[in-house]
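S.K.: Submitted below is the structure of interest, expressed as structure tokens.
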Amino acid sequence: MISNGDSDRPAMDCARVVRDEVTEQYVAGRLREDEQITFEQHYFQCDRCFEELKNYRALHAELERLSASPGKFPALTGRRLLWAAAGAAAVITITLLTWREFGAPERITPPTPAGATPPRVVLEALGAVVPPPYQATTLGNTPDLATRAFRDAMRDYERREYAASAKGLAAAARLDPSSPQTHFYLGASYLLSDDSAAAVRALQTTIDLGESAYLEAARFYLSKALIRRGNLGGARAELLKVVLLKGEHERDAQSLLAALDALRQPDLVPKGGLTGIDARVARVAGTRAYINIGTAHGVKIGDSFSIIHRDQRIDPVTGMKLGVEEKQTGTGVVVEVHERFAIVNITGTAMVADVIKKD
Amino acid sequence: MDRSADAGAALFARIRLGDAAAEEELVESFSGRVYAMALARTRDREASRDLVQDVLCAVVHALRGGRLHAPDKLAAFISGTARNLINNYCRTRLRTAREIPATPEATTADADEVLDERRRAVVVRSALRELDLIDRRILTMAVVGGLSAVEIATRVTLSPEAVRQRKSRAVRKVMAILAERYRP
């Protein structure tokens with residue numbers, strides 16, 4: 001267990017630390033393991049670089065705190081807000097609704113790491129994924145070998161045969177390692193065939209390839225893969241990036257972040273799963289919202305609801321809860337109803353976890 | 001503490017002879033570094049504080065038992081030991097019962113770390129208030145979000161080069177304010 005093997009590693013010097021912004025990368029957890037070890041060995045002996053590390057750590061912590069403060073990223077305020085519990089519940093609800101919509105085979109049950117504290121039901125909900133949609137495109141010219149391999153593999157993907165699509169896409173990726181699309185669907189296929197370690201690698205490759213149409217989605221699905229691996233810190237970091245990208249996964253990422261924050265405060269997670277949860281918005285898709293009540297709760301087509309947004313106000317000095325501010329942000333009319341959820345057409349705005357009140 | 005090879009070897013020799021002051025010196029000198037490593041690897045402040053004590057207790061016991069094969073490489077020995085124990089913790093996420101009770105020195109060093117973090121945070125907060133809003137936003141996206149200059153550029157309608165310059169200038173300014181106003 002005790003080793004002094006560090007003495008044989010190549011040394012790092014202060015100039016390289018500054019030039020390569022090593023301290024910043026270290027604090028953000030973005031160094032490779034070998035670089036991390038070399039830097040640690042260096043700052044264990046260098047007072048100047050250790051002092052800089054402490055400064056960067058303070059800067060990182062403060063910026064993280066600011067980015068999670070009310071007004072900038074409201075959904076990230078969950079640590080102190082009951083809102084976060086609603087967010088966690090909403091994520092669970094979304095997942096349950098998704099399972100019903102797409103069927104059980106897509107459900108991924110994350111392994112519960114030894115000693116992990118989050119409730120299993122919450123981890124299962126957070127780690128579940130919906131297959132990213134795929135629209136085949138046909139081009140006039142003759143496709144090359146890699147494109148043909150990709151298209152063949154995606155036919156398996158469309159048939160929901162994800163182990164087969166993963167195999168085909170891995171072959172396509174070998175033929176064209178520079179295609180973000182191939183690596184992205186490869187990552188998704190791994191995730192859907194329950195190989196989260198391989199999913200992390202493929203999705204990280206998609207991100208490493210730089211700006212592409214798959215960048216935001218790759219980060220979002222990478223967070224799912226990391227949750228399944230039990231790496232909630234890594235998942236949180238990826239979700240923060242998704243929020244900053246302000247794309248189509250922004251709201252889902254905010255909900256997941258709120259849920260992860262709620263996991264840090266176990267008392268905020270509703271005991272007994274969904275039992276006793278108020279009617280809430282579970283998912284928003286354009287002008288439609290999914291709500292977590294259905295025929296089992298007496299909901300009928302044509303019922304109308306008010307959509308209420310709740311904000312818990314916190315005293316910035318003492319951290320005490322001052323009260324809840326409620327604001328009606330829209331209305332909804334039920335257009336489709338199932339046993340435990342319903343779809344409403346919304347007028348105004350709705351966010352995941354908003355409260356639904358029957359008119 | 002002098003962290004040179006000779007000083008490390010001298011400290012090891014004193015610990016081997018049962019010098020309690022030398023052990024205190026070692027704990028005071030390395031607890032901050034072990035905490036920094038634990039925090040970077042676990043992202044968990046509470047676990048990191050526990051790990052500092054575990055690591056330093058293990059190191060002191062190993063040194064008392066003469067298990068440092070290259071006395072001139074004390075810092076490397078401590079960083080290697082720390083990494084092994086922290087990685088073990090990350091792998092299992094289960095705390096094992098400590099065989100050695102926490103020393104009062106470790107507790108004091110731990111409290112110092114917490115106080116240091118808090119005082120540093122106050123200075124950083126005031127430094128950030130002195131930055132332009134756009135620079136603060138760039139810093140947040142780069143440091144917290146991990147976005148590249150190209151990604152940030154599209155969101156703040158600046159060129160990637162301008163983003164790089166502004167970020168670098170903002171970091172330098174915060175660090176300069178910390179160097180000027182923070183006294184450990």
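If you're wondering about the labels, chains in the structure tokens are A, B, ... by order shown, residues count from 1 in each chain, ligands from 1 in order shown.
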Please identify every residue of chain B that has at least one atom no more than 7 Å from any atom of chain A, counting only C-alpha atoms, and report them as a PDB file with C-alpha atoms, in the first residue's frame.

M.R.:
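Okay, this is what ended up in result.pdb:
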ATOM      1  CA  ARG B   3      11.699  20.722   1.217  1.00  0.00           C
ATOM      2  CA  ARG B  33      -0.603  19.154  -0.047  1.00  0.00           C
ATOM      3  CA  ALA B  40      -8.634  16.974  -6.623  1.00  0.00           C
ATOM      4  CA  ARG B  43     -14.087  16.195  -5.041  1.00  0.00           C
ATOM      5  CA  LYS B  73      13.014  11.509  -1.645  1.00  0.00           C
ATOM      6  CA  ALA B  75       8.223  14.314  -0.671  1.00  0.00           C
ATOM      7  CA  ALA B  76       7.929  11.734  -3.450  1.00  0.00           C
ATOM      8  CA  PHE B  77       7.343   9.042  -0.846  1.00  0.00           C
ATOM      9  CA  SER B  79       2.886  11.877  -2.580  1.00  0.00           C
ATOM     10  CA  GLY B  80       3.063   8.212  -3.647  1.00  0.00           C
ATOM     11  CA  THR B  81       1.586   7.039  -0.360  1.00  0.00           C
ATOM     12  CA  ASN B  84      -2.288   5.044  -3.233  1.00  0.00           C
ATOM     13  CA  THR B  92     -14.138   1.343  -2.747  1.00  0.00           C
ATOM     14  CA  ARG B  93     -15.750   4.520  -1.402  1.00  0.00           C
ATOM     15  CA  LEU B  94     -15.791   2.648   1.833  1.00  0.00           C
ATOM     16  CA  GLU B 117      -9.711  28.178   2.117  1.00  0.00           C
ATOM     17  CA  ARG B 120      -8.777  32.944   0.298  1.00  0.00           C
ATOM     18  CA  ALA B 121     -12.384  32.709  -0.956  1.00  0.00           C
ATOM     19  CA  VAL B 124     -11.234  35.880  -4.660  1.00  0.00           C
ATOM     20  CA  ARG B 125     -14.832  37.100  -4.300  1.00  0.00           C
ATOM     21  CA  THR B 140     -16.874  30.788 -15.645  1.00  0.00           C
ATOM     22  CA  MET B 141     -17.307  29.103 -18.994  1.00  0.00           C
ATOM     23  CA  VAL B 143     -12.796  27.299 -15.634  1.00  0.00           C
ATOM     24  CA  VAL B 144     -16.064  25.759 -14.448  1.00  0.00           C
ATOM     25  CA  GLY B 145     -17.606  24.702 -17.743  1.00  0.00           C
ATOM     26  CA  GLY B 146     -14.354  23.555 -19.317  1.00  0.00           C
ATOM     27  CA  LEU B 147     -15.372  25.094 -22.645  1.00  0.00           C
ATOM     28  CA  MET B 175      -3.970  36.019  -9.006  1.00  0.00           C
TER      29      MET B 175
END

S.K.: So that I can check the surroundings of Asp116 of chain B, please list as a list in words every protein, DNA and RNA residue that reaches within 10 Å of it, counting only C-alpha atoms and ignoring chain neighbours fewer than 6 positions away.

M.R.: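 Returned residues: Lys54 and Ala58 of chain A; Gly32, Asp110, Tyr182, Arg183 and Pro184 of chain B.
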
S.K.: Mind writing the picked residues with C-alpha atoms as a PDB file, in the first residue's frame?

M.R.:
ATOM      1  CA  LYS A  54      -4.516  26.943  -3.633  1.00  0.00           C
ATOM      2  CA  ALA A  58     -10.285  29.185  -4.516  1.00  0.00           C
TER       3      ALA A  58
ATOM      4  CA  GLY B  32      -2.121  21.009   2.878  1.00  0.00           C
ATOM      5  CA  ASP B 110      -6.915  20.348   9.107  1.00  0.00           C
ATOM      6  CA  TYR B 182      -3.994  37.540   0.902  1.00  0.00           C
ATOM      7  CA  ARG B 183      -1.628  36.907   3.759  1.00  0.00           C
ATOM      8  CA  PRO B 184      -1.551  33.279   4.971  1.00  0.00           C
TER       9      PRO B 184
END

S.K.: Record the distance separating atom CA of Ala10 of chain B and atom CA of Pro71 of chain B, expressed in Å with one decimal.

M.R.: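 Atom CA of Ala10 of chain B sits 8.2 Å away from atom CA of Pro71 of chain B.
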
S.K.: Quote the spacing between atom CA of Gly230 of chain A and atom CA of Ala58 of chain B in Å to one decimal place.

M.R.: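 Atom CA of Gly230 of chain A sits 27.8 Å away from atom CA of Ala58 of chain B.
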